[in-house]
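Asks: Can you read through this structure? Questions will come right after.
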Amino acid sequence: MGISKQLRVDMVHGSWIRKMFDEGLRLKAIHGAANVFDFTLGNPYVDPPPEFLTALKRAAAEERHGIHAYMQNCGFPEVRAKVAAELSAELGFGFTAGSVVMTVGAAGALNVLLKSLLDPGDEVVLVAPFFPEYAFYIRNHSGVAVVSTADDTFLPDLEDLDRKIGPHTRAMILNSPCNPSGRVVTPEVLSGLGDLLRRKSAENGRTIYLLSDEPYRRLLFDGRTYPSPFGHYAHTILATSHSKDLSLAGERIGYLAIGPECEDAADIFAAATFCNRTLGYVNAPALMQRVLLYMDSYQPNVAIYQRKRDRLFEVLTGMGYEIIKPEGTFFMFPKSPIPDDPKWVEVLARERVLVTPGTGFAFPGYFRISFAVDDTVIEGSFPGFERALKSVRQSA
């Protein structure tokens with residue numbers, strides 16, 4: 001009983017994603033990797049772009065005195081200035097170096113923000129389906145997660161949010177495009193959400209902050225442009241990383257950006273800088289910061305993911321699966337053919353097709369497919385998907 005009671009509970013009820021990934025390792029050891037079709041882990045499929053490799057070589061070759069020393073906890077000023085300029089050009093708002101804190105990925109950004117904002121017992125509203133680690137991040141900082149369920153198109157349900165946002169609400173986390181559904185929150189919903197948060201903030205007598213988690217912002221399909229929440233709610237703080245758009249999941253480089261009109265922006269910047277240090281991150285990796293400084297502009301290779309999405313969507317819907325077509329990310333969230341989605345995942349696993357149950361994302365009755373995989377995995381999985389569907393229909 002050496003570890004904390006709460007952590008023991010959290011470990012038992014930990015991520016379904018990792019549980020299914022581990023099951024994949026077990027099955028691959030038995031049947032061979034080529035005979036197991038693993039859609040569990042959201043690891044980017046494409047390699048980093050040539051612009052990254054060029055900048056990495058330049059950064060690694062530098063030999064200036066003190067280049068590997070401590071820095072400001074918020075990151076190199078010149079890197080923050082470049083990020084702010086690029087963000088301003090992309091989203092159309094006036095970010096500055098004083099708006100940006102470089103972080104250890106988006107997870108680091110969210111933990112830093114929650115530590116900065118929450119007093120014990122403060123509530124943070126999540127919209128299900130959501131990335132399951134959010135609940136752990138909130139608990140890390142003595143907050144309470146309150147879950148609002150999305151509508152049947154996976155978009156935030158404003159009426160339910162109205163009921164769930166209360167006097168103890170301090171923040172809301174919004175993830176668009178969404179992991180696991182792939183949905184992009186529309187400008188209409190963002191407008192309604194901004195109105196709701198302004199009204200609730202006035203009723204509560206304190207600002208509710210919107211934490212916008214955007215690691216998939218640049219992975220949009222069918223020529224879409226990103227509807228930013230900054231244009232709909234002033235008290236928005238962005239958390240993001242380059243894990244997905246640059247395929248740098250292992251390098252842990254990201255940032256948070258505080259809205260130019262956000263209440264107490266200077267205090268939040270100072271708190272986040274302080275928390276970067278006291279949470280043990282100290283600062284974002286120096287080498288990766290310099291790589292971002294030296295990188296030319298780039299465009300993620302969205303076409304590869306879009307082609308994989310289209311192939312899966314076409315074949316699975318042709319079999320009879322019910323799917324809302326993803327608008328971004330590299331995830332798909334079909335409806336489970338049976339109400340018990342963990343049981344359905346077991347049925348698929350017997351066919352050596354590995355997915356993650358919607359229960360793991362607080363949205364039972366669905367399952368997540370990560371299509372950031374090789375085409376051979378996608379093509380090889382179709383017989384198993386078809387056999388599994390037929391088996392549950394015959395037993396119904």
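Please note that chains go A, B, ... in the order of the structure tokens, that every chain numbers its residues from 1, and that ligands are numbered from 1 in the order shown.
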Can you pull out every residue within 8 Å of A:Val377, counting only C-alpha atoms, but drop anything in the same chain fewer than 2 positions away, and send it as a list of chain:residue names?

Replies: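 Listing them by chain and then by number gives A:Ala34, A:Val36, A:Phe37, A:Asp38, A:Val373, A:Asp374, A:Asp375, A:Glu379, A:Gly380, A:Ser381.
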
Asks: Kindly save the residues from that selection, with N, CA and C atoms included, as a PDB file, in the first residue's frame.

Replies:
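Saved as out06.pdb:
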```
ATOM      1  N   ALA A  34       2.014  -8.801 -38.520  1.00  0.00           N
ATOM      2  CA  ALA A  34       1.298  -8.642 -39.786  1.00  0.00           C
ATOM      3  C   ALA A  34      -0.131  -9.166 -39.723  1.00  0.00           C
ATOM      4  N   VAL A  36      -2.182  -8.801 -36.975  1.00  0.00           N
ATOM      5  CA  VAL A  36      -2.953  -8.058 -35.977  1.00  0.00           C
ATOM      6  C   VAL A  36      -3.132  -6.642 -36.509  1.00  0.00           C
ATOM      7  N   PHE A  37      -4.360  -6.133 -36.439  1.00  0.00           N
ATOM      8  CA  PHE A  37      -4.713  -4.865 -37.083  1.00  0.00           C
ATOM      9  C   PHE A  37      -5.055  -3.857 -35.987  1.00  0.00           C
ATOM     10  N   ASP A  38      -4.041  -3.089 -35.622  1.00  0.00           N
ATOM     11  CA  ASP A  38      -4.072  -2.277 -34.406  1.00  0.00           C
ATOM     12  C   ASP A  38      -4.393  -0.820 -34.736  1.00  0.00           C
ATOM     13  N   VAL A 373      -2.257   4.749 -39.481  1.00  0.00           N
ATOM     14  CA  VAL A 373      -1.625   3.432 -39.596  1.00  0.00           C
ATOM     15  C   VAL A 373      -1.300   3.169 -41.064  1.00  0.00           C
ATOM     16  N   ASP A 374      -0.528   2.128 -41.286  1.00  0.00           N
ATOM     17  CA  ASP A 374      -0.174   1.755 -42.651  1.00  0.00           C
ATOM     18  C   ASP A 374      -1.406   1.253 -43.407  1.00  0.00           C
ATOM     19  N   ASP A 375      -1.395   1.434 -44.714  1.00  0.00           N
ATOM     20  CA  ASP A 375      -2.522   0.971 -45.532  1.00  0.00           C
ATOM     21  C   ASP A 375      -2.732  -0.534 -45.410  1.00  0.00           C
ATOM     22  N   GLU A 379      -6.377  -2.237 -44.926  1.00  0.00           N
ATOM     23  CA  GLU A 379      -6.916  -3.227 -45.865  1.00  0.00           C
ATOM     24  C   GLU A 379      -7.056  -4.599 -45.203  1.00  0.00           C
ATOM     25  N   GLY A 380      -6.091  -4.966 -44.390  1.00  0.00           N
ATOM     26  CA  GLY A 380      -6.143  -6.279 -43.746  1.00  0.00           C
ATOM     27  C   GLY A 380      -7.224  -6.411 -42.701  1.00  0.00           C
ATOM     28  N   SER A 381      -7.699  -5.274 -42.184  1.00  0.00           N
ATOM     29  CA  SER A 381      -8.706  -5.316 -41.119  1.00  0.00           C
ATOM     30  C   SER A 381     -10.119  -5.558 -41.623  1.00  0.00           C
TER      31      SER A 381
END
```

Asks: What residues in stretch 97-344 of chain A get the DSSP label alpha helix (DSSP H)? Please answer as number ranges by chain.

Replies: A: 105-117, 133-140, 158-164, 187-204, 265-278, 286-294, 302-319, 341-344

Asks: Can you pull out the residues contacting A:Asp222? Cut-off 9 Å, using only C-alpha atoms, and skip same-chain residues under 2 positions away; I want them as a PyMOL selection string.

Replies: chain A and resi 220+224+306+327-328

Asks: When you look at A:Pro342 with a cut-off of 12 Å (counting only C-alpha atoms), what residues show up, excluding the ones that are within fewer than 2 positions of it in the same chain? I need them as number ranges by chain.

Replies: A: 16, 19-20, 336-340, 344-349, 354-361, 363-368

Asks: What does the structure give for the distance between atom CA of A:Arg206 and atom CA of A:Thr169, in Å to one decimal?

Replies: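 Taking atom CA of A:Arg206 as the start and atom CA of A:Thr169 as the end point, the length is 9.2 Å.
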
Asks: If I take atom CA of A:Tyr255 and atom CA of A:Phe39, how far is one from the other in Å, to one decimal?

Replies: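 About the pair atom CA of A:Tyr255 and atom CA of A:Phe39: they are 28.0 Å apart.
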
Asks: For stretch 132-134 of chain A, find every residue with an atom within 10 Å (counting only C-alpha atoms), except residues of its own chain fewer than 6 positions away, and show them as a list in words.

Replies: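 Surrounding residues, per the criterion: Gly14, Ser15, Trp16, Ile17, Ala107, Leu110, Asn111, Val124, Leu126, Asn140, Ala145, Ile173, Asn179, Pro180, Thr359, Gly360, Phe361 and Ala362 of chain A.
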
Asks: If we count only C-alpha atoms and set the cut-off at 9 Å, which residues sit around A:Ser142, ignoring sequence neighbours fewer than 6 positions away in its own chain? Please answer as an MDAnalysis selection string.

Replies: chainID A and resid 115 118:122

Asks: Keeping only C-alpha atoms, write the selected residues to a file as a PDB file, in the first residue's frame.

Replies:
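After the write, selection14.pdb holds the following:
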```pdb
ATOM      1  CA  LYS A 115      -2.350  24.722 -11.840  1.00  0.00           C
ATOM      2  CA  LEU A 118      -7.668  26.319 -10.008  1.00  0.00           C
ATOM      3  CA  ASP A 119      -8.281  26.544  -6.302  1.00  0.00           C
ATOM      4  CA  PRO A 120      -9.203  23.277  -4.543  1.00  0.00           C
ATOM      5  CA  GLY A 121     -12.737  22.262  -5.472  1.00  0.00           C
ATOM      6  CA  ASP A 122     -12.989  24.476  -8.555  1.00  0.00           C
TER       7      ASP A 122
END
```

Asks: What does the distance between atom CA of A:Ala81 and atom CA of A:Pro215 come to in Å, to one decimal place?

Replies: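 According to the coordinates, atom CA of A:Ala81 and atom CA of A:Pro215 are separated by 19.7 Å.
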
Asks: Name all residues at most 12 Å from A:Leu56 (count only C-alpha atoms; drop same-chain ones fewer than 3 positions away) and give them as a CSV table (one decimal) with C-alpha atoms, in the first residue's frame.

Replies:
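Contents of around.csv, as written:
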```csv
chain,number,residue,atom,x,y,z
A,48,PRO,CA,8.3,15.1,-39.9
A,49,PRO,CA,8.6,17.3,-42.9
A,50,PRO,CA,11.9,18.2,-44.6
A,51,GLU,CA,11.7,21.7,-43.2
A,52,PHE,CA,12.0,20.2,-39.7
A,53,LEU,CA,15.0,18.1,-40.5
A,59,ALA,CA,20.1,23.7,-34.3
A,60,ALA,CA,22.1,20.6,-33.4
A,61,ALA,CA,25.3,22.0,-35.1
A,62,GLU,CA,25.3,25.2,-33.1
A,248,LEU,CA,6.9,15.2,-33.1
A,251,GLU,CA,9.8,15.5,-28.7
A,286,ALA,CA,15.8,24.1,-25.7
A,287,LEU,CA,16.7,22.2,-28.8
A,288,MET,CA,13.2,21.9,-30.1
A,289,GLN,CA,12.5,25.6,-29.3
A,290,ARG,CA,15.5,26.5,-31.5
A,291,VAL,CA,14.2,24.1,-34.2
A,292,LEU,CA,10.9,26.0,-34.3
A,293,LEU,CA,12.9,29.3,-34.5
A,294,TYR,CA,14.8,28.1,-37.6
A,295,MET,CA,12.0,26.3,-39.4
A,296,ASP,CA,10.5,27.7,-42.6
```

Asks: Which residue is closest to A:Ile324? Choose from A:Leu155, A:Thr54, A:Asn43, A:Asp10 and count only C-alpha atoms.

Replies: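 Smallest separation from A:Ile324 among the options: A:Leu155.
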